$ cat query.cif   # mmCIF, N, CA and C atoms
data_target
loop_
_atom_site.label_atom_id
_atom_site.label_comp_id
_atom_site.auth_asym_id
_atom_site.auth_seq_id
_atom_site.Cartn_x
_atom_site.Cartn_y
_atom_site.Cartn_z
N MET A 804 -34.42 2.99 36.66
CA MET A 804 -34.34 3.65 35.38
C MET A 804 -34.19 2.59 34.29
N LYS A 805 -34.67 2.96 33.10
CA LYS A 805 -34.63 2.01 32.00
C LYS A 805 -34.26 2.77 30.73
N THR A 806 -33.45 2.14 29.87
CA THR A 806 -33.09 2.77 28.60
C THR A 806 -32.87 1.71 27.54
N LEU A 807 -32.95 2.15 26.30
CA LEU A 807 -32.72 1.28 25.15
C LEU A 807 -31.53 1.85 24.39
N LEU A 808 -30.48 1.05 24.26
CA LEU A 808 -29.26 1.50 23.57
C LEU A 808 -29.12 0.78 22.24
N LYS A 809 -28.74 1.52 21.22
CA LYS A 809 -28.51 0.94 19.88
C LYS A 809 -27.06 0.52 19.80
N LEU A 810 -26.83 -0.71 19.31
CA LEU A 810 -25.49 -1.26 19.22
C LEU A 810 -25.04 -1.38 17.77
N GLU A 811 -23.74 -1.49 17.60
CA GLU A 811 -23.14 -1.73 16.29
C GLU A 811 -22.00 -2.73 16.47
N GLY A 812 -21.86 -3.64 15.51
CA GLY A 812 -20.73 -4.56 15.53
C GLY A 812 -20.99 -5.88 16.23
N LEU A 813 -22.22 -6.16 16.58
CA LEU A 813 -22.57 -7.42 17.21
C LEU A 813 -22.76 -8.45 16.11
N ASP A 814 -21.84 -9.42 16.02
CA ASP A 814 -21.78 -10.31 14.86
C ASP A 814 -22.46 -11.66 15.00
N CYS A 815 -22.76 -12.10 16.20
CA CYS A 815 -23.38 -13.42 16.33
C CYS A 815 -24.29 -13.47 17.56
N ALA A 816 -25.23 -14.39 17.53
CA ALA A 816 -26.19 -14.52 18.61
C ALA A 816 -25.52 -14.95 19.92
N MET A 817 -24.52 -15.80 19.83
CA MET A 817 -23.80 -16.23 21.04
C MET A 817 -23.06 -15.05 21.67
N CYS A 818 -22.52 -14.17 20.84
CA CYS A 818 -21.86 -12.97 21.36
C CYS A 818 -22.87 -12.08 22.06
N ALA A 819 -24.07 -11.97 21.48
CA ALA A 819 -25.13 -11.18 22.11
C ALA A 819 -25.49 -11.74 23.48
N GLN A 820 -25.55 -13.05 23.57
CA GLN A 820 -25.86 -13.70 24.85
C GLN A 820 -24.75 -13.43 25.86
N GLU A 821 -23.52 -13.54 25.43
CA GLU A 821 -22.39 -13.28 26.33
C GLU A 821 -22.38 -11.83 26.81
N LEU A 822 -22.64 -10.89 25.91
CA LEU A 822 -22.71 -9.48 26.30
C LEU A 822 -23.84 -9.26 27.30
N GLU A 823 -24.98 -9.85 27.03
CA GLU A 823 -26.12 -9.74 27.95
C GLU A 823 -25.76 -10.25 29.34
N ASN A 824 -25.08 -11.39 29.40
CA ASN A 824 -24.68 -11.96 30.69
C ASN A 824 -23.70 -11.06 31.42
N ARG A 825 -22.73 -10.51 30.70
CA ARG A 825 -21.75 -9.62 31.34
C ARG A 825 -22.42 -8.38 31.92
N ILE A 826 -23.34 -7.80 31.16
CA ILE A 826 -24.00 -6.59 31.63
C ILE A 826 -24.94 -6.92 32.79
N ALA A 827 -25.63 -8.03 32.73
CA ALA A 827 -26.55 -8.42 33.80
C ALA A 827 -25.82 -8.65 35.12
N ARG A 828 -24.54 -9.05 35.06
CA ARG A 828 -23.76 -9.30 36.28
C ARG A 828 -23.21 -8.03 36.91
N LEU A 829 -23.29 -6.89 36.24
CA LEU A 829 -22.79 -5.63 36.81
C LEU A 829 -23.63 -5.22 38.01
N ASP A 830 -22.97 -4.70 39.03
CA ASP A 830 -23.69 -4.19 40.20
C ASP A 830 -24.56 -3.02 39.78
N GLY A 831 -25.80 -3.03 40.22
CA GLY A 831 -26.72 -1.94 39.91
C GLY A 831 -27.59 -2.18 38.69
N VAL A 832 -27.31 -3.27 37.96
CA VAL A 832 -28.15 -3.61 36.81
C VAL A 832 -29.23 -4.57 37.28
N ASN A 833 -30.48 -4.18 37.08
CA ASN A 833 -31.61 -5.03 37.49
C ASN A 833 -31.96 -6.04 36.41
N GLN A 834 -31.86 -5.61 35.15
CA GLN A 834 -32.20 -6.51 34.05
C GLN A 834 -31.52 -6.00 32.78
N ALA A 835 -31.06 -6.94 31.96
CA ALA A 835 -30.44 -6.59 30.68
C ALA A 835 -30.89 -7.59 29.63
N ARG A 836 -31.26 -7.07 28.47
CA ARG A 836 -31.63 -7.92 27.34
C ARG A 836 -30.98 -7.37 26.09
N VAL A 837 -30.27 -8.23 25.37
CA VAL A 837 -29.66 -7.86 24.11
C VAL A 837 -30.45 -8.54 23.00
N ASN A 838 -30.91 -7.74 22.04
CA ASN A 838 -31.61 -8.26 20.88
C ASN A 838 -30.62 -8.26 19.72
N PHE A 839 -30.18 -9.45 19.33
CA PHE A 839 -29.17 -9.57 18.27
C PHE A 839 -29.69 -9.06 16.94
N VAL A 840 -30.92 -9.38 16.60
CA VAL A 840 -31.48 -9.02 15.30
C VAL A 840 -31.59 -7.51 15.14
N SER A 841 -32.13 -6.84 16.16
CA SER A 841 -32.30 -5.39 16.06
C SER A 841 -31.08 -4.61 16.56
N GLN A 842 -30.06 -5.35 17.07
CA GLN A 842 -28.83 -4.71 17.56
C GLN A 842 -29.14 -3.69 18.66
N GLN A 843 -29.95 -4.11 19.64
CA GLN A 843 -30.34 -3.21 20.72
C GLN A 843 -30.10 -3.85 22.07
N LEU A 844 -29.79 -3.00 23.04
CA LEU A 844 -29.60 -3.41 24.42
C LEU A 844 -30.65 -2.69 25.26
N ASP A 845 -31.52 -3.45 25.87
CA ASP A 845 -32.56 -2.92 26.76
C ASP A 845 -32.08 -3.20 28.17
N VAL A 846 -31.84 -2.14 28.94
CA VAL A 846 -31.26 -2.32 30.27
C VAL A 846 -32.03 -1.51 31.31
N GLU A 847 -32.24 -2.16 32.46
CA GLU A 847 -32.87 -1.51 33.61
C GLU A 847 -31.81 -1.42 34.70
N PHE A 848 -31.59 -0.20 35.22
CA PHE A 848 -30.48 0.03 36.14
C PHE A 848 -30.90 0.99 37.25
N GLU A 849 -30.02 1.13 38.25
CA GLU A 849 -30.37 1.91 39.43
C GLU A 849 -30.07 3.40 39.30
N ASP A 850 -28.90 3.77 38.73
CA ASP A 850 -28.59 5.20 38.57
C ASP A 850 -27.66 5.42 37.38
N GLU A 851 -27.38 6.69 37.07
CA GLU A 851 -26.61 7.06 35.88
C GLU A 851 -25.18 6.49 35.89
N SER A 852 -24.58 6.33 37.06
CA SER A 852 -23.22 5.79 37.11
C SER A 852 -23.21 4.34 36.62
N VAL A 853 -24.30 3.63 36.86
CA VAL A 853 -24.42 2.26 36.37
C VAL A 853 -24.51 2.25 34.85
N LEU A 854 -25.25 3.22 34.30
CA LEU A 854 -25.38 3.31 32.85
C LEU A 854 -24.02 3.52 32.20
N GLU A 855 -23.18 4.34 32.81
CA GLU A 855 -21.83 4.56 32.27
C GLU A 855 -21.04 3.26 32.24
N ARG A 856 -21.14 2.46 33.30
CA ARG A 856 -20.44 1.16 33.32
C ARG A 856 -21.01 0.19 32.29
N VAL A 857 -22.33 0.25 32.07
CA VAL A 857 -22.96 -0.59 31.05
C VAL A 857 -22.41 -0.23 29.68
N VAL A 858 -22.37 1.07 29.37
CA VAL A 858 -21.85 1.53 28.07
C VAL A 858 -20.38 1.15 27.92
N ASP A 859 -19.60 1.33 28.97
CA ASP A 859 -18.17 0.95 28.92
C ASP A 859 -18.01 -0.55 28.68
N THR A 860 -18.83 -1.36 29.36
CA THR A 860 -18.76 -2.81 29.19
C THR A 860 -19.10 -3.19 27.75
N ALA A 861 -20.14 -2.60 27.21
CA ALA A 861 -20.53 -2.90 25.83
C ALA A 861 -19.46 -2.44 24.84
N ASN A 862 -18.91 -1.25 25.04
CA ASN A 862 -17.89 -0.73 24.13
C ASN A 862 -16.59 -1.52 24.17
N ASN A 863 -16.34 -2.20 25.28
CA ASN A 863 -15.11 -2.99 25.41
C ASN A 863 -15.32 -4.46 25.08
N PHE A 864 -16.49 -4.81 24.59
CA PHE A 864 -16.80 -6.19 24.24
C PHE A 864 -16.58 -6.38 22.74
N GLU A 865 -15.56 -7.12 22.39
CA GLU A 865 -15.22 -7.42 20.99
C GLU A 865 -15.28 -6.16 20.13
N ASP A 866 -16.03 -6.19 19.01
CA ASP A 866 -16.11 -5.03 18.12
C ASP A 866 -17.39 -4.22 18.33
N VAL A 867 -18.04 -4.41 19.46
CA VAL A 867 -19.31 -3.75 19.72
C VAL A 867 -19.07 -2.30 20.11
N ARG A 868 -19.99 -1.46 19.65
CA ARG A 868 -19.94 -0.04 20.00
C ARG A 868 -21.37 0.42 20.24
N VAL A 869 -21.56 1.19 21.31
CA VAL A 869 -22.87 1.78 21.60
C VAL A 869 -22.98 3.06 20.78
N LEU A 870 -24.04 3.16 19.99
CA LEU A 870 -24.25 4.34 19.15
C LEU A 870 -24.88 5.45 19.98
N GLN A 871 -24.50 6.68 19.66
CA GLN A 871 -25.09 7.85 20.32
C GLN A 871 -26.48 8.10 19.76
N LYS A 872 -27.27 8.85 20.46
CA LYS A 872 -28.63 9.18 20.00
C LYS A 872 -28.57 9.79 18.60
N GLY A 873 -29.37 9.28 17.70
CA GLY A 873 -29.44 9.81 16.34
C GLY A 873 -28.36 9.30 15.41
N GLU A 874 -27.39 8.57 15.91
CA GLU A 874 -26.30 8.05 15.08
C GLU A 874 -26.75 6.76 14.41
N SER A 875 -26.40 6.62 13.14
CA SER A 875 -26.76 5.43 12.39
C SER A 875 -25.58 4.48 12.33
N GLY A 876 -25.86 3.18 12.41
CA GLY A 876 -24.79 2.19 12.35
C GLY A 876 -24.36 1.85 10.94
N VAL A 877 -25.05 2.36 9.94
CA VAL A 877 -24.73 2.04 8.55
C VAL A 877 -23.36 2.57 8.17
N SER A 878 -23.02 3.77 8.61
CA SER A 878 -21.72 4.34 8.24
C SER A 878 -20.58 3.49 8.79
N GLY A 879 -20.76 2.93 9.97
CA GLY A 879 -19.75 2.06 10.54
C GLY A 879 -19.59 0.78 9.74
N PHE A 880 -20.71 0.25 9.27
CA PHE A 880 -20.68 -0.95 8.43
C PHE A 880 -19.92 -0.67 7.15
N LEU A 881 -20.23 0.45 6.50
CA LEU A 881 -19.57 0.79 5.25
C LEU A 881 -18.08 1.02 5.45
N ALA A 882 -17.72 1.67 6.55
CA ALA A 882 -16.30 1.91 6.82
C ALA A 882 -15.56 0.59 7.06
N LYS A 883 -16.22 -0.32 7.75
CA LYS A 883 -15.59 -1.60 8.09
C LYS A 883 -15.42 -2.50 6.87
N HIS A 884 -16.35 -2.41 5.91
CA HIS A 884 -16.36 -3.31 4.76
C HIS A 884 -16.09 -2.61 3.43
N ARG A 885 -15.50 -1.45 3.47
CA ARG A 885 -15.26 -0.67 2.26
C ARG A 885 -14.44 -1.44 1.23
N LEU A 886 -13.36 -2.06 1.65
CA LEU A 886 -12.50 -2.81 0.72
C LEU A 886 -13.25 -4.00 0.13
N ASP A 887 -14.00 -4.72 0.95
CA ASP A 887 -14.78 -5.86 0.45
C ASP A 887 -15.80 -5.42 -0.59
N LEU A 888 -16.50 -4.32 -0.31
CA LEU A 888 -17.50 -3.82 -1.25
C LEU A 888 -16.85 -3.38 -2.57
N ALA A 889 -15.71 -2.72 -2.48
CA ALA A 889 -15.00 -2.30 -3.69
C ALA A 889 -14.57 -3.51 -4.52
N CYS A 890 -14.09 -4.55 -3.88
CA CYS A 890 -13.69 -5.77 -4.59
C CYS A 890 -14.87 -6.43 -5.27
N ILE A 891 -16.01 -6.47 -4.60
CA ILE A 891 -17.21 -7.08 -5.19
C ILE A 891 -17.68 -6.29 -6.40
N ILE A 892 -17.70 -4.97 -6.30
CA ILE A 892 -18.14 -4.14 -7.42
C ILE A 892 -17.20 -4.28 -8.60
N LEU A 893 -15.90 -4.22 -8.34
CA LEU A 893 -14.92 -4.35 -9.43
C LEU A 893 -14.99 -5.74 -10.05
N SER A 894 -15.19 -6.75 -9.24
CA SER A 894 -15.31 -8.11 -9.76
C SER A 894 -16.55 -8.25 -10.64
N ALA A 895 -17.66 -7.63 -10.24
CA ALA A 895 -18.88 -7.67 -11.05
C ALA A 895 -18.66 -7.00 -12.40
N ILE A 896 -17.93 -5.89 -12.40
CA ILE A 896 -17.63 -5.20 -13.65
C ILE A 896 -16.77 -6.08 -14.56
N LEU A 897 -15.76 -6.73 -13.98
CA LEU A 897 -14.92 -7.63 -14.76
C LEU A 897 -15.72 -8.82 -15.30
N PHE A 898 -16.62 -9.34 -14.49
CA PHE A 898 -17.44 -10.48 -14.91
C PHE A 898 -18.34 -10.08 -16.08
N ILE A 899 -18.96 -8.93 -16.00
CA ILE A 899 -19.82 -8.45 -17.09
C ILE A 899 -19.00 -8.22 -18.35
N ALA A 900 -17.79 -7.66 -18.17
CA ALA A 900 -16.91 -7.46 -19.33
C ALA A 900 -16.55 -8.80 -19.96
N ALA A 901 -16.33 -9.82 -19.14
CA ALA A 901 -16.01 -11.16 -19.67
C ALA A 901 -17.20 -11.74 -20.44
N LEU A 902 -18.41 -11.50 -19.94
CA LEU A 902 -19.60 -11.99 -20.65
C LEU A 902 -19.74 -11.34 -22.02
N LEU A 903 -19.36 -10.08 -22.10
CA LEU A 903 -19.51 -9.34 -23.36
C LEU A 903 -18.32 -9.48 -24.30
N ALA A 904 -17.21 -9.97 -23.77
CA ALA A 904 -15.98 -10.09 -24.58
C ALA A 904 -16.11 -11.25 -25.58
N PRO A 905 -15.42 -11.12 -26.71
CA PRO A 905 -15.43 -12.24 -27.66
C PRO A 905 -14.70 -13.45 -27.07
N THR A 906 -15.07 -14.64 -27.54
CA THR A 906 -14.47 -15.87 -27.06
C THR A 906 -12.96 -15.84 -27.32
N GLY A 907 -12.21 -16.24 -26.33
CA GLY A 907 -10.76 -16.28 -26.48
C GLY A 907 -10.07 -16.18 -25.14
N THR A 908 -8.77 -16.04 -25.20
CA THR A 908 -7.94 -15.99 -23.99
C THR A 908 -8.27 -14.79 -23.12
N GLY A 909 -8.57 -13.65 -23.75
CA GLY A 909 -8.90 -12.44 -22.99
C GLY A 909 -10.14 -12.61 -22.13
N ARG A 910 -11.10 -13.33 -22.67
CA ARG A 910 -12.33 -13.59 -21.94
C ARG A 910 -12.05 -14.41 -20.68
N TYR A 911 -11.24 -15.43 -20.82
CA TYR A 911 -10.88 -16.27 -19.67
C TYR A 911 -10.05 -15.51 -18.65
N ALA A 912 -9.21 -14.61 -19.14
CA ALA A 912 -8.41 -13.78 -18.23
C ALA A 912 -9.32 -12.87 -17.40
N LEU A 913 -10.38 -12.32 -18.02
CA LEU A 913 -11.33 -11.47 -17.28
C LEU A 913 -12.09 -12.29 -16.24
N TYR A 914 -12.53 -13.50 -16.62
CA TYR A 914 -13.20 -14.38 -15.66
C TYR A 914 -12.27 -14.70 -14.48
N ALA A 915 -11.02 -15.03 -14.79
CA ALA A 915 -10.05 -15.37 -13.74
C ALA A 915 -9.81 -14.17 -12.83
N ALA A 916 -9.67 -12.98 -13.41
CA ALA A 916 -9.44 -11.78 -12.60
C ALA A 916 -10.64 -11.51 -11.69
N ALA A 917 -11.86 -11.67 -12.24
CA ALA A 917 -13.07 -11.45 -11.43
C ALA A 917 -13.13 -12.45 -10.28
N TYR A 918 -12.82 -13.70 -10.56
CA TYR A 918 -12.85 -14.75 -9.54
C TYR A 918 -11.80 -14.50 -8.45
N LEU A 919 -10.59 -14.19 -8.87
CA LEU A 919 -9.51 -13.99 -7.92
C LEU A 919 -9.74 -12.76 -7.05
N LEU A 920 -10.36 -11.74 -7.61
CA LEU A 920 -10.60 -10.52 -6.86
C LEU A 920 -11.51 -10.75 -5.66
N VAL A 921 -12.55 -11.55 -5.83
CA VAL A 921 -13.46 -11.80 -4.71
C VAL A 921 -13.11 -13.07 -3.95
N GLY A 922 -12.33 -13.95 -4.54
CA GLY A 922 -12.04 -15.23 -3.91
C GLY A 922 -10.66 -15.35 -3.31
N TRP A 923 -9.88 -14.27 -3.31
CA TRP A 923 -8.51 -14.36 -2.82
C TRP A 923 -8.44 -14.73 -1.35
N LYS A 924 -9.42 -14.32 -0.57
CA LYS A 924 -9.40 -14.66 0.87
C LYS A 924 -9.58 -16.15 1.09
N VAL A 925 -10.39 -16.78 0.23
CA VAL A 925 -10.63 -18.21 0.34
C VAL A 925 -9.41 -18.98 -0.12
N LEU A 926 -8.73 -18.48 -1.14
CA LEU A 926 -7.61 -19.19 -1.73
C LEU A 926 -6.33 -19.13 -0.91
N ARG A 927 -6.20 -18.13 -0.06
CA ARG A 927 -4.93 -18.01 0.68
C ARG A 927 -4.84 -18.94 1.84
#

$ encode --input "query.cif" --output "structure tokens"
Amino acid sequence: MKTLLKLEGLDCAMCAQELENRIARLDGVNQARVNFVSQQLDVEFEDESVLERVVDTANNFEDVRVLQKGESGVSGFLAKHRLDLACIILSAILFIAALLAPTGTGRYALYAAAYLLVGWKVLR
């Protein structure tokens, strides 16, 4: 039997290789290929019980999750990065306000706030 599984949360090519190796070593798996770019796992296996172990192995690997049929990985991305996206949007608004503000201390305060909002992780 052969199936193509959609993955979510695979962050690096080395992780994809490690996941591929772990799944390929499972009993009953004939072949496994993980495509990092498309976030897909192509697996050839002997029976349905093997597929369950493949899915369990993938779901227990770092932050990887096997998506159900018809499920999109975009919602997971948005949920995972919601705070980061909000900081970027708010920082952009502050930056634009600083560009439009008259020259003075207030303008520099807006620039500083915009910078600190997106750069606080780097500064800590």

$ select_by_dssp --input "query.cif" --residues "chain A" --states "strand (DSSP E or B)" --output "list in words"
Lys805, Thr806, Leu807, Leu808, Lys809, Leu810, Glu811, Val832, Asn833, Gln834, Ala835, Arg836, Val837, Asn838, Gln843, Leu844, Asp845, Val846, Glu847, Phe848, Arg868 and Val869 of chain A

$ write_last_selection --input "query.cif" --atoms "N, CA and C atoms" --output "compact mmCIF listing (two decimals), in the coordinates of the input"
# COMPACT_ATOMS: atom_id res chain seq x y z
N LYS A 805 -34.67 2.96 33.10
CA LYS A 805 -34.63 2.01 32.00
C LYS A 805 -34.26 2.77 30.73
N THR A 806 -33.45 2.14 29.87
CA THR A 806 -33.09 2.77 28.60
C THR A 806 -32.87 1.71 27.54
N LEU A 807 -32.95 2.15 26.30
CA LEU A 807 -32.72 1.28 25.15
C LEU A 807 -31.53 1.85 24.39
N LEU A 808 -30.48 1.05 24.26
CA LEU A 808 -29.26 1.50 23.57
C LEU A 808 -29.12 0.78 22.24
N LYS A 809 -28.74 1.52 21.22
CA LYS A 809 -28.51 0.94 19.88
C LYS A 809 -27.06 0.52 19.80
N LEU A 810 -26.83 -0.71 19.31
CA LEU A 810 -25.49 -1.26 19.22
C LEU A 810 -25.04 -1.38 17.77
N GLU A 811 -23.74 -1.49 17.60
CA GLU A 811 -23.14 -1.73 16.29
C GLU A 811 -22.00 -2.73 16.47
N VAL A 832 -27.31 -3.27 37.96
CA VAL A 832 -28.15 -3.61 36.81
C VAL A 832 -29.23 -4.57 37.28
N ASN A 833 -30.48 -4.18 37.08
CA ASN A 833 -31.61 -5.03 37.49
C ASN A 833 -31.96 -6.04 36.41
N GLN A 834 -31.86 -5.61 35.15
CA GLN A 834 -32.20 -6.51 34.05
C GLN A 834 -31.52 -6.00 32.78
N ALA A 835 -31.06 -6.94 31.96
CA ALA A 835 -30.44 -6.59 30.68
C ALA A 835 -30.89 -7.59 29.63
N ARG A 836 -31.26 -7.07 28.47
CA ARG A 836 -31.63 -7.92 27.34
C ARG A 836 -30.98 -7.37 26.09
N VAL A 837 -30.27 -8.23 25.37
CA VAL A 837 -29.66 -7.86 24.11
C VAL A 837 -30.45 -8.54 23.00
N ASN A 838 -30.91 -7.74 22.04
CA ASN A 838 -31.61 -8.26 20.88
C ASN A 838 -30.62 -8.26 19.72
N GLN A 843 -29.95 -4.11 19.64
CA GLN A 843 -30.34 -3.21 20.72
C GLN A 843 -30.10 -3.85 22.07
N LEU A 844 -29.79 -3.00 23.04
CA LEU A 844 -29.60 -3.41 24.42
C LEU A 844 -30.65 -2.69 25.26
N ASP A 845 -31.52 -3.45 25.87
CA ASP A 845 -32.56 -2.92 26.76
C ASP A 845 -32.08 -3.20 28.17
N VAL A 846 -31.84 -2.14 28.94
CA VAL A 846 -31.26 -2.32 30.27
C VAL A 846 -32.03 -1.51 31.31
N GLU A 847 -32.24 -2.16 32.46
CA GLU A 847 -32.87 -1.51 33.61
C GLU A 847 -31.81 -1.42 34.70
N PHE A 848 -31.59 -0.20 35.22
CA PHE A 848 -30.48 0.03 36.14
C PHE A 848 -30.90 0.99 37.25
N ARG A 868 -19.99 -1.46 19.65
CA ARG A 868 -19.94 -0.04 20.00
C ARG A 868 -21.37 0.42 20.24
N VAL A 869 -21.56 1.19 21.31
CA VAL A 869 -22.87 1.78 21.60
C VAL A 869 -22.98 3.06 20.78

$ closest_residue --input "query.cif" --among "A:Cys818, A:Arg836, A:Leu920, A:Val857" --to "Ile892 in chain A" --atoms "only C-alpha atoms"
A:Leu920

$ residues_around --input "query.cif" --residues "Glu811 in chain A" --least-positions-apart "3" --cutoff "7 Å" --atoms "only N, CA and C atoms" --output "mmCIF file with N, CA and C atoms, in the coordinates of the input"
data_model
loop_
_atom_site.group_PDB
_atom_site.id
_atom_site.type_symbol
_atom_site.label_atom_id
_atom_site.label_comp_id
_atom_site.auth_asym_id
_atom_site.auth_seq_id
_atom_site.Cartn_x
_atom_site.Cartn_y
_atom_site.Cartn_z
ATOM 1 N N ASP A 814 -21.840 -9.420 16.020
ATOM 2 C CA ASP A 814 -21.780 -10.310 14.860
ATOM 3 C C ASP A 814 -22.460 -11.660 15.000
ATOM 4 N N GLN A 842 -30.060 -5.350 17.070
ATOM 5 C CA GLN A 842 -28.830 -4.710 17.560
ATOM 6 C C GLN A 842 -29.140 -3.690 18.660
ATOM 7 N N ASP A 866 -16.030 -6.190 19.010
ATOM 8 C CA ASP A 866 -16.110 -5.030 18.120
ATOM 9 C C ASP A 866 -17.390 -4.220 18.330
ATOM 10 N N VAL A 867 -18.040 -4.410 19.460
ATOM 11 C CA VAL A 867 -19.310 -3.750 19.720
ATOM 12 C C VAL A 867 -19.070 -2.300 20.110
ATOM 13 N N ARG A 868 -19.990 -1.460 19.650
ATOM 14 C CA ARG A 868 -19.940 -0.040 20.000
ATOM 15 C C ARG A 868 -21.370 0.420 20.240
ATOM 16 N N VAL A 869 -21.560 1.190 21.310
ATOM 17 C CA VAL A 869 -22.870 1.780 21.600
ATOM 18 C C VAL A 869 -22.980 3.060 20.780
ATOM 19 N N LEU A 870 -24.040 3.160 19.990
ATOM 20 C CA LEU A 870 -24.250 4.340 19.150
ATOM 21 C C LEU A 870 -24.880 5.450 19.980
ATOM 22 N N GLY A 876 -25.860 3.180 12.410
ATOM 23 C CA GLY A 876 -24.790 2.190 12.350
ATOM 24 C C GLY A 876 -24.360 1.850 10.940
#

$ closest_residue --input "query.cif" --among "A:Val832, A:Val837, A:Leu822, A:Leu808" --to "Phe864 in chain A" --atoms "all atoms listed in the file"
A:Leu822

$ residues_around --input "query.cif" --residues "Ala816 in chain A" --least-positions-apart "5" --cutoff "8 Å" --atoms "only N, CA and C atoms" --output "list in words"
Glu821, Leu822, Asn838, Phe839 and Val840 of chain A

$ residues_near_point --input "query.cif" --point "(-18.0, -13.0, -19.3)" --cutoff "8 Å" --atoms "all atoms listed in the file" --output "list in words"
Leu897, Phe898, Ile899, Ala900, Ala901, Leu902, Leu903, Ala904, Arg910, Tyr911, Leu913 and Tyr914 of chain A

$ atom_distance --input "query.cif" --atom1 "atom C of Asp859 in chain A" --atom2 "atom C of His884 in chain A"
25.4 Å
